[in-house]
$ cat final17.pdb   # PDB, C-alpha atoms
MODEL        1
ATOM      1  CA  MET C   1      15.703 -39.722   6.290  1.00  0.00           C
ATOM      2  CA  LYS C   2      17.318 -37.451   8.929  1.00  0.00           C
ATOM      3  CA  THR C   3      16.868 -34.488   6.603  1.00  0.00           C
ATOM      4  CA  THR C   4      13.168 -35.281   6.117  1.00  0.00           C
ATOM      5  CA  ILE C   5      12.629 -35.556   9.867  1.00  0.00           C
ATOM      6  CA  ALA C   6      14.478 -32.271  10.444  1.00  0.00           C
ATOM      7  CA  VAL C   7      12.371 -30.485   7.811  1.00  0.00           C
ATOM      8  CA  VAL C   8       9.110 -31.833   9.283  1.00  0.00           C
ATOM      9  CA  LEU C   9      10.213 -30.931  12.809  1.00  0.00           C
ATOM     10  CA  CYS C  10      11.118 -27.389  11.726  1.00  0.00           C
ATOM     11  CA  ALA C  11       7.730 -27.009  10.009  1.00  0.00           C
ATOM     12  CA  VAL C  12       5.875 -28.227  13.114  1.00  0.00           C
ATOM     13  CA  LEU C  13       7.881 -25.930  15.396  1.00  0.00           C
ATOM     14  CA  ALA C  14       7.350 -22.971  13.070  1.00  0.00           C
ATOM     15  CA  GLY C  15       3.614 -23.665  13.070  1.00  0.00           C
ATOM     16  CA  CYS C  16       3.546 -23.794  16.858  1.00  0.00           C
ATOM     17  CA  ALA C  17       5.554 -20.591  17.117  1.00  0.00           C
ATOM     18  CA  ALA C  18       3.210 -18.854  14.677  1.00  0.00           C
ATOM     19  CA  THR C  19       0.169 -20.045  16.630  1.00  0.00           C
ATOM     20  CA  ASN C  20       1.646 -18.807  19.915  1.00  0.00           C
ATOM     21  CA  ALA C  21       2.704 -15.483  18.398  1.00  0.00           C
ATOM     22  CA  ASP C  22      -0.775 -14.944  16.968  1.00  0.00           C
ATOM     23  CA  THR C  23      -2.438 -15.456  20.353  1.00  0.00           C
ATOM     24  CA  ALA C  24       0.095 -13.591  22.497  1.00  0.00           C
ATOM     25  CA  ALA C  25      -0.704 -10.120  23.800  1.00  0.00           C
ATOM     26  CA  PRO C  26       0.722  -7.361  21.576  1.00  0.00           C
ATOM     27  CA  THR C  27       4.083  -5.967  22.709  1.00  0.00           C
ATOM     28  CA  PRO C  28       6.729  -3.867  20.913  1.00  0.00           C
ATOM     29  CA  SER C  29       8.443  -7.095  19.791  1.00  0.00           C
ATOM     30  CA  ASN C  30       5.129  -8.832  19.019  1.00  0.00           C
ATOM     31  CA  PRO C  31       2.790  -6.165  17.562  1.00  0.00           C
ATOM     32  CA  ALA C  32      -0.913  -6.714  16.928  1.00  0.00           C
ATOM     33  CA  PRO C  33      -1.636  -8.647  13.713  1.00  0.00           C
ATOM     34  CA  SER C  34      -1.561  -6.530  10.581  1.00  0.00           C
ATOM     35  CA  THR C  35      -4.598  -5.941   8.428  1.00  0.00           C
ATOM     36  CA  MET C  36      -2.447  -5.589   5.322  1.00  0.00           C
ATOM     37  CA  ASN C  37      -3.556  -8.133   2.744  1.00  0.00           C
ATOM     38  CA  LEU C  38      -0.347  -8.853   0.836  1.00  0.00           C
ATOM     39  CA  GLY C  39      -2.070 -11.141  -1.686  1.00  0.00           C
ATOM     40  CA  ALA C  40      -0.696 -14.295  -3.240  1.00  0.00           C
ATOM     41  CA  PHE C  41       2.683 -15.552  -2.058  1.00  0.00           C
ATOM     42  CA  SER C  42       5.413 -17.255  -4.049  1.00  0.00           C
ATOM     43  CA  VAL C  43       9.147 -17.689  -4.002  1.00  0.00           C
ATOM     44  CA  SER C  44      11.021 -16.328  -7.008  1.00  0.00           C
ATOM     45  CA  LEU C  45      14.156 -18.413  -7.486  1.00  0.00           C
ATOM     46  CA  SER C  46      17.218 -17.214  -9.331  1.00  0.00           C
ATOM     47  CA  VAL C  47      18.261 -20.353 -11.234  1.00  0.00           C
ATOM     48  CA  LYS C  48      21.319 -21.221 -13.320  1.00  0.00           C
ATOM     49  CA  ASP C  49      19.532 -23.581 -15.737  1.00  0.00           C
ATOM     50  CA  LEU C  50      15.788 -23.152 -16.232  1.00  0.00           C
ATOM     51  CA  ALA C  51      15.247 -26.580 -17.835  1.00  0.00           C
ATOM     52  CA  ALA C  52      17.203 -28.412 -15.118  1.00  0.00           C
ATOM     53  CA  SER C  53      15.329 -26.527 -12.371  1.00  0.00           C
ATOM     54  CA  ARG C  54      11.956 -27.188 -14.008  1.00  0.00           C
ATOM     55  CA  GLU C  55      12.819 -30.914 -14.221  1.00  0.00           C
ATOM     56  CA  PHE C  56      13.887 -30.970 -10.556  1.00  0.00           C
ATOM     57  CA  TYR C  57      10.708 -29.270  -9.319  1.00  0.00           C
ATOM     58  CA  ALA C  58       8.563 -31.521 -11.538  1.00  0.00           C
ATOM     59  CA  LYS C  59       9.792 -34.425  -9.395  1.00  0.00           C
ATOM     60  CA  LEU C  60       8.322 -32.582  -6.390  1.00  0.00           C
ATOM     61  CA  GLY C  61       4.968 -32.309  -8.177  1.00  0.00           C
ATOM     62  CA  PHE C  62       5.295 -28.773  -9.558  1.00  0.00           C
ATOM     63  CA  ARG C  63       3.834 -28.184 -13.019  1.00  0.00           C
ATOM     64  CA  PRO C  64       4.254 -25.207 -15.383  1.00  0.00           C
ATOM     65  CA  PHE C  65       1.498 -22.674 -14.860  1.00  0.00           C
ATOM     66  CA  ALA C  66       2.643 -19.481 -16.569  1.00  0.00           C
ATOM     67  CA  GLY C  67       5.716 -17.808 -17.979  1.00  0.00           C
ATOM     68  CA  ASP C  68       7.824 -17.970 -21.100  1.00  0.00           C
ATOM     69  CA  PRO C  69      10.793 -20.359 -21.142  1.00  0.00           C
ATOM     70  CA  SER C  70      12.110 -18.620 -24.287  1.00  0.00           C
ATOM     71  CA  GLN C  71      12.504 -15.517 -22.081  1.00  0.00           C
ATOM     72  CA  ASN C  72      14.160 -17.586 -19.314  1.00  0.00           C
ATOM     73  CA  TRP C  73      11.310 -17.609 -16.798  1.00  0.00           C
ATOM     74  CA  GLN C  74       8.493 -19.947 -15.784  1.00  0.00           C
ATOM     75  CA  ILE C  75       5.979 -20.114 -12.941  1.00  0.00           C
ATOM     76  CA  LEU C  76       5.257 -23.538 -11.441  1.00  0.00           C
ATOM     77  CA  ARG C  77       2.578 -24.645  -9.032  1.00  0.00           C
ATOM     78  CA  ASN C  78       1.742 -27.612  -6.873  1.00  0.00           C
ATOM     79  CA  GLY C  79      -1.700 -26.995  -5.413  1.00  0.00           C
ATOM     80  CA  ASP C  80      -1.549 -23.615  -3.678  1.00  0.00           C
ATOM     81  CA  HIS C  81       2.270 -23.618  -3.640  1.00  0.00           C
ATOM     82  CA  VAL C  82       3.834 -21.398  -6.280  1.00  0.00           C
ATOM     83  CA  ILE C  83       7.458 -20.917  -7.290  1.00  0.00           C
ATOM     84  CA  GLY C  84       8.887 -18.814 -10.071  1.00  0.00           C
ATOM     85  CA  LEU C  85      12.059 -19.880 -11.860  1.00  0.00           C
ATOM     86  CA  PHE C  86      14.074 -16.998 -13.319  1.00  0.00           C
ATOM     87  CA  GLN C  87      17.315 -17.659 -15.194  1.00  0.00           C
ATOM     88  CA  GLY C  88      19.729 -14.719 -15.312  1.00  0.00           C
ATOM     89  CA  MET C  89      17.110 -12.125 -14.359  1.00  0.00           C
ATOM     90  CA  PHE C  90      18.201 -11.227 -10.824  1.00  0.00           C
ATOM     91  CA  PRO C  91      21.081 -12.263  -8.561  1.00  0.00           C
ATOM     92  CA  ARG C  92      19.215 -13.591  -5.492  1.00  0.00           C
ATOM     93  CA  ASN C  93      16.023 -15.379  -4.546  1.00  0.00           C
ATOM     94  CA  ILE C  94      13.053 -13.138  -3.748  1.00  0.00           C
ATOM     95  CA  LEU C  95       9.995 -13.587  -1.544  1.00  0.00           C
ATOM     96  CA  THR C  96       7.138 -12.333  -3.719  1.00  0.00           C
ATOM     97  CA  PHE C  97       3.677 -11.108  -2.738  1.00  0.00           C
ATOM     98  CA  ASN C  98       1.046 -10.111  -5.316  1.00  0.00           C
ATOM     99  CA  PRO C  99      -1.548  -7.707  -3.874  1.00  0.00           C
ATOM    100  CA  GLY C 100      -4.802  -8.087  -5.792  1.00  0.00           C
ATOM    101  CA  TRP C 101      -4.310 -11.758  -6.610  1.00  0.00           C
ATOM    102  CA  THR C 102      -5.531 -14.851  -4.844  1.00  0.00           C
ATOM    103  CA  GLN C 103      -3.228 -17.824  -4.392  1.00  0.00           C
ATOM    104  CA  GLN C 104      -4.964 -19.328  -7.465  1.00  0.00           C
ATOM    105  CA  ALA C 105      -3.829 -16.319  -9.586  1.00  0.00           C
ATOM    106  CA  THR C 106      -7.290 -14.841  -9.958  1.00  0.00           C
ATOM    107  CA  GLU C 107      -8.139 -11.238  -9.187  1.00  0.00           C
ATOM    108  CA  ALA C 108      -9.084 -10.754  -5.530  1.00  0.00           C
ATOM    109  CA  ALA C 109     -12.433  -9.142  -4.738  1.00  0.00           C
ATOM    110  CA  THR C 110     -10.836  -6.922  -2.081  1.00  0.00           C
ATOM    111  CA  PHE C 111      -7.201  -6.255  -1.273  1.00  0.00           C
ATOM    112  CA  THR C 112      -4.794  -3.718   0.161  1.00  0.00           C
ATOM    113  CA  ASP C 113      -3.297  -1.669  -2.664  1.00  0.00           C
ATOM    114  CA  VAL C 114       0.506  -1.683  -2.906  1.00  0.00           C
ATOM    115  CA  ARG C 115       0.559   2.139  -2.555  1.00  0.00           C
ATOM    116  CA  GLU C 116      -1.386   1.894   0.725  1.00  0.00           C
ATOM    117  CA  ILE C 117       1.007  -0.806   1.954  1.00  0.00           C
ATOM    118  CA  GLN C 118       3.914   1.457   0.990  1.00  0.00           C
ATOM    119  CA  ALA C 119       2.427   4.401   2.909  1.00  0.00           C
ATOM    120  CA  ARG C 120       1.994   2.250   6.022  1.00  0.00           C
ATOM    121  CA  LEU C 121       5.539   0.939   5.750  1.00  0.00           C
ATOM    122  CA  GLU C 122       6.892   4.477   5.291  1.00  0.00           C
ATOM    123  CA  LYS C 123       5.104   5.562   8.492  1.00  0.00           C
ATOM    124  CA  SER C 124       6.756   2.660  10.331  1.00  0.00           C
ATOM    125  CA  GLY C 125      10.199   3.832   9.168  1.00  0.00           C
ATOM    126  CA  MET C 126      10.785   1.112   6.567  1.00  0.00           C
ATOM    127  CA  THR C 127      13.601   1.655   4.062  1.00  0.00           C
ATOM    128  CA  PHE C 128      12.852   0.746   0.437  1.00  0.00           C
ATOM    129  CA  ALA C 129      15.027  -0.748  -2.299  1.00  0.00           C
ATOM    130  CA  SER C 130      12.401   0.479  -4.792  1.00  0.00           C
ATOM    131  CA  LYS C 131       9.081   2.267  -4.440  1.00  0.00           C
ATOM    132  CA  ALA C 132       5.780   2.549  -6.256  1.00  0.00           C
ATOM    133  CA  ASP C 133       4.706   5.950  -7.559  1.00  0.00           C
ATOM    134  CA  PRO C 134       2.075   6.989  -4.990  1.00  0.00           C
ATOM    135  CA  ALA C 135       0.231   9.046  -7.634  1.00  0.00           C
ATOM    136  CA  SER C 136      -0.195   6.061  -9.975  1.00  0.00           C
ATOM    137  CA  THR C 137      -3.334   3.930 -10.171  1.00  0.00           C
ATOM    138  CA  GLY C 138      -2.270   0.982 -12.326  1.00  0.00           C
ATOM    139  CA  PRO C 139      -0.045  -1.984 -11.588  1.00  0.00           C
ATOM    140  CA  ALA C 140       2.890  -1.095  -9.337  1.00  0.00           C
ATOM    141  CA  SER C 141       5.552  -2.644  -7.159  1.00  0.00           C
ATOM    142  CA  LEU C 142       7.886  -1.993  -4.263  1.00  0.00           C
ATOM    143  CA  MET C 143      10.819  -3.844  -2.790  1.00  0.00           C
ATOM    144  CA  VAL C 144      12.229  -3.990   0.722  1.00  0.00           C
ATOM    145  CA  VAL C 145      15.166  -5.933   2.120  1.00  0.00           C
ATOM    146  CA  ASP C 146      14.986  -7.669   5.494  1.00  0.00           C
ATOM    147  CA  PRO C 147      17.790  -7.463   8.081  1.00  0.00           C
ATOM    148  CA  ASP C 148      19.391 -10.623   6.629  1.00  0.00           C
ATOM    149  CA  GLY C 149      19.496  -9.281   3.075  1.00  0.00           C
ATOM    150  CA  ASN C 150      16.456 -11.183   1.795  1.00  0.00           C
ATOM    151  CA  GLN C 151      14.576  -9.279  -0.879  1.00  0.00           C
ATOM    152  CA  ILE C 152      10.802  -8.967  -0.532  1.00  0.00           C
ATOM    153  CA  LEU C 153       8.888  -7.863  -3.614  1.00  0.00           C
ATOM    154  CA  LEU C 154       5.294  -6.648  -3.517  1.00  0.00           C
ATOM    155  CA  ASP C 155       4.306  -6.825  -7.184  1.00  0.00           C
ATOM    156  CA  GLN C 156       0.724  -5.770  -7.922  1.00  0.00           C
ATOM    157  CA  HIS C 157      -0.445  -6.699 -11.420  1.00  0.00           C
ATOM    158  CA  VAL C 158      -3.956  -5.241 -11.182  1.00  0.00           C
ATOM    159  CA  PRO C 159      -5.137  -1.616 -10.937  1.00  0.00           C
ATOM    160  CA  LYS C 160      -5.718   0.167  -7.655  1.00  0.00           C
ATOM    161  CA  PRO C 161      -9.128  -0.769  -6.214  1.00  0.00           C
ATOM    162  CA  ARG C 162     -11.839   1.875  -6.507  1.00  0.00           C
TER     163      ARG C 162
ENDMDL
END
$ encode --input "final17.pdb" --output "structure tokens"
Amino acid sequence: MKTTIAVVLCAVLAGCAATNADTAAPTPSNPAPSTMNLGAFSVSLSVKDLAASREFYAKLGFRPFAGDPSQNWQILRNGDHVIGLFQGMFPRNILTFNPGWTQQATEAATFTDVREIQARLEKSGMTFASKADPASTGPASLMVVDPDGNQILLDQHVPKPR
């Protein structure tokens, strides 16, 4: 019960902080809101046992949506919430954004191409773990790592918009 209350309290406080940050005047530590549309969001979890993880998340209401368990990966969803389970594919959890997709995994009518996002991040001095080929026009991806070592993947599955 204490854990549930703590989680709810953290969520409420985070929501309040986000609301205040969004309405505060831009400063160097609180820049103006970005117009980068990062697309659908999910958490990609590095799991030890795909079946056990799938069973656990099923109890939280997540159902298989995509993926191939014979290849040790599966995507689960509960409403708009999406998690990917990946057994033995990467060492750490990854925050994943999919430019060009909606949260319902349909192609977005308009979006910010991953190469444009990369160019903006390069101008801001961002360091990359991997980069998209700026001359390409098809699906592409990039990865950055935040100051705490969390990996952030921008993985675009659709072609560059025309």
$ axis_aligned_box --input "final17.pdb" --around "stretch 105-118 of chain C" --padding-each-side "5 Å" --output "AutoDock Vina command-line options"
--center_x -4.3 --center_y -7.1 --center_z -4.0 --size_x 26.3 --size_y 28.5 --size_z 21.9
$ atom_distance --input "final17.pdb" --atom1 "atom CA of C:Asp80" --atom2 "atom CA of C:Leu95"
15.4 Å
$ residues_around --input "final17.pdb" --residues "C:Arg54" --least-positions-apart "2" --cutoff "12 Å" --atoms "only C-alpha atoms" --output "PDB file with C-alpha atoms, in the frame of the given file"
ATOM      1  CA  LEU C  45      14.156 -18.413  -7.486  1.00  0.00           C
ATOM      2  CA  VAL C  47      18.261 -20.353 -11.234  1.00  0.00           C
ATOM      3  CA  LYS C  48      21.319 -21.221 -13.320  1.00  0.00           C
ATOM      4  CA  ASP C  49      19.532 -23.581 -15.737  1.00  0.00           C
ATOM      5  CA  LEU C  50      15.788 -23.152 -16.232  1.00  0.00           C
ATOM      6  CA  ALA C  51      15.247 -26.580 -17.835  1.00  0.00           C
ATOM      7  CA  ALA C  52      17.203 -28.412 -15.118  1.00  0.00           C
ATOM      8  CA  PHE C  56      13.887 -30.970 -10.556  1.00  0.00           C
ATOM      9  CA  TYR C  57      10.708 -29.270  -9.319  1.00  0.00           C
ATOM     10  CA  ALA C  58       8.563 -31.521 -11.538  1.00  0.00           C
ATOM     11  CA  LYS C  59       9.792 -34.425  -9.395  1.00  0.00           C
ATOM     12  CA  LEU C  60       8.322 -32.582  -6.390  1.00  0.00           C
ATOM     13  CA  GLY C  61       4.968 -32.309  -8.177  1.00  0.00           C
ATOM     14  CA  PHE C  62       5.295 -28.773  -9.558  1.00  0.00           C
ATOM     15  CA  ARG C  63       3.834 -28.184 -13.019  1.00  0.00           C
ATOM     16  CA  PRO C  64       4.254 -25.207 -15.383  1.00  0.00           C
ATOM     17  CA  PHE C  65       1.498 -22.674 -14.860  1.00  0.00           C
ATOM     18  CA  GLY C  67       5.716 -17.808 -17.979  1.00  0.00           C
ATOM     19  CA  PRO C  69      10.793 -20.359 -21.142  1.00  0.00           C
ATOM     20  CA  ASN C  72      14.160 -17.586 -19.314  1.00  0.00           C
ATOM     21  CA  TRP C  73      11.310 -17.609 -16.798  1.00  0.00           C
ATOM     22  CA  GLN C  74       8.493 -19.947 -15.784  1.00  0.00           C
ATOM     23  CA  ILE C  75       5.979 -20.114 -12.941  1.00  0.00           C
ATOM     24  CA  LEU C  76       5.257 -23.538 -11.441  1.00  0.00           C
ATOM     25  CA  ARG C  77       2.578 -24.645  -9.032  1.00  0.00           C
ATOM     26  CA  ILE C  83       7.458 -20.917  -7.290  1.00  0.00           C
ATOM     27  CA  GLY C  84       8.887 -18.814 -10.071  1.00  0.00           C
ATOM     28  CA  LEU C  85      12.059 -19.880 -11.860  1.00  0.00           C
ATOM     29  CA  PHE C  86      14.074 -16.998 -13.319  1.00  0.00           C
ATOM     30  CA  GLN C  87      17.315 -17.659 -15.194  1.00  0.00           C
TER      31      GLN C  87
END
$ residues_near_point --input "final17.pdb" --point "(-1.4, -13.6, -5.9)" --cutoff "9 Å" --atoms "all atoms listed in the file" --output "PyMOL selection string"
chain C and resi 38-42+96-108+155-157
$ atom_distance --input "final17.pdb" --atom1 "atom CA of C:Lys131" --atom2 "atom CA of C:Ile117"
10.7 Å
$ atom_distance --input "final17.pdb" --atom1 "atom CA of C:Glu55" --atom2 "atom CA of C:Asp68"
15.5 Å
$ closest_residue --input "final17.pdb" --among "C:Ser70, C:Asn78, C:Ser141, C:Thr35" --to "C:Phe111" --atoms "only C-alpha atoms"
C:Thr35
$ resolve_selection --input "final17.pdb" --expression "the PyMOL selection byres ((chain C and resi 126) around 12)" --output "list of chain:residue names"
C:Ile117, C:Gln118, C:Ala119, C:Arg120, C:Leu121, C:Glu122, C:Lys123, C:Ser124, C:Gly125, C:Thr127, C:Phe128, C:Ala129, C:Ser130, C:Lys131, C:Leu142, C:Met143, C:Val144, C:Val145, C:Asp146, C:Pro147
$ resolve_selection --input "final17.pdb" --expression "the PyMOL selection byres ((chain C and resi 137) around 8)" --output "list in words"
Ala135, Ser136, Gly138, Pro139, Pro159 and Lys160 of chain C
$ closest_residue --input "final17.pdb" --among "C:Val82, C:Ala132, C:Ile94, C:Met36" --to "C:Ile152" --atoms "only C-alpha atoms"
C:Ile94
$ closest_residue --input "final17.pdb" --among "C:Gln71, C:Ser53, C:Thr110, C:Ser44" --to "C:Asn150" --atoms "only C-alpha atoms"
C:Ser44
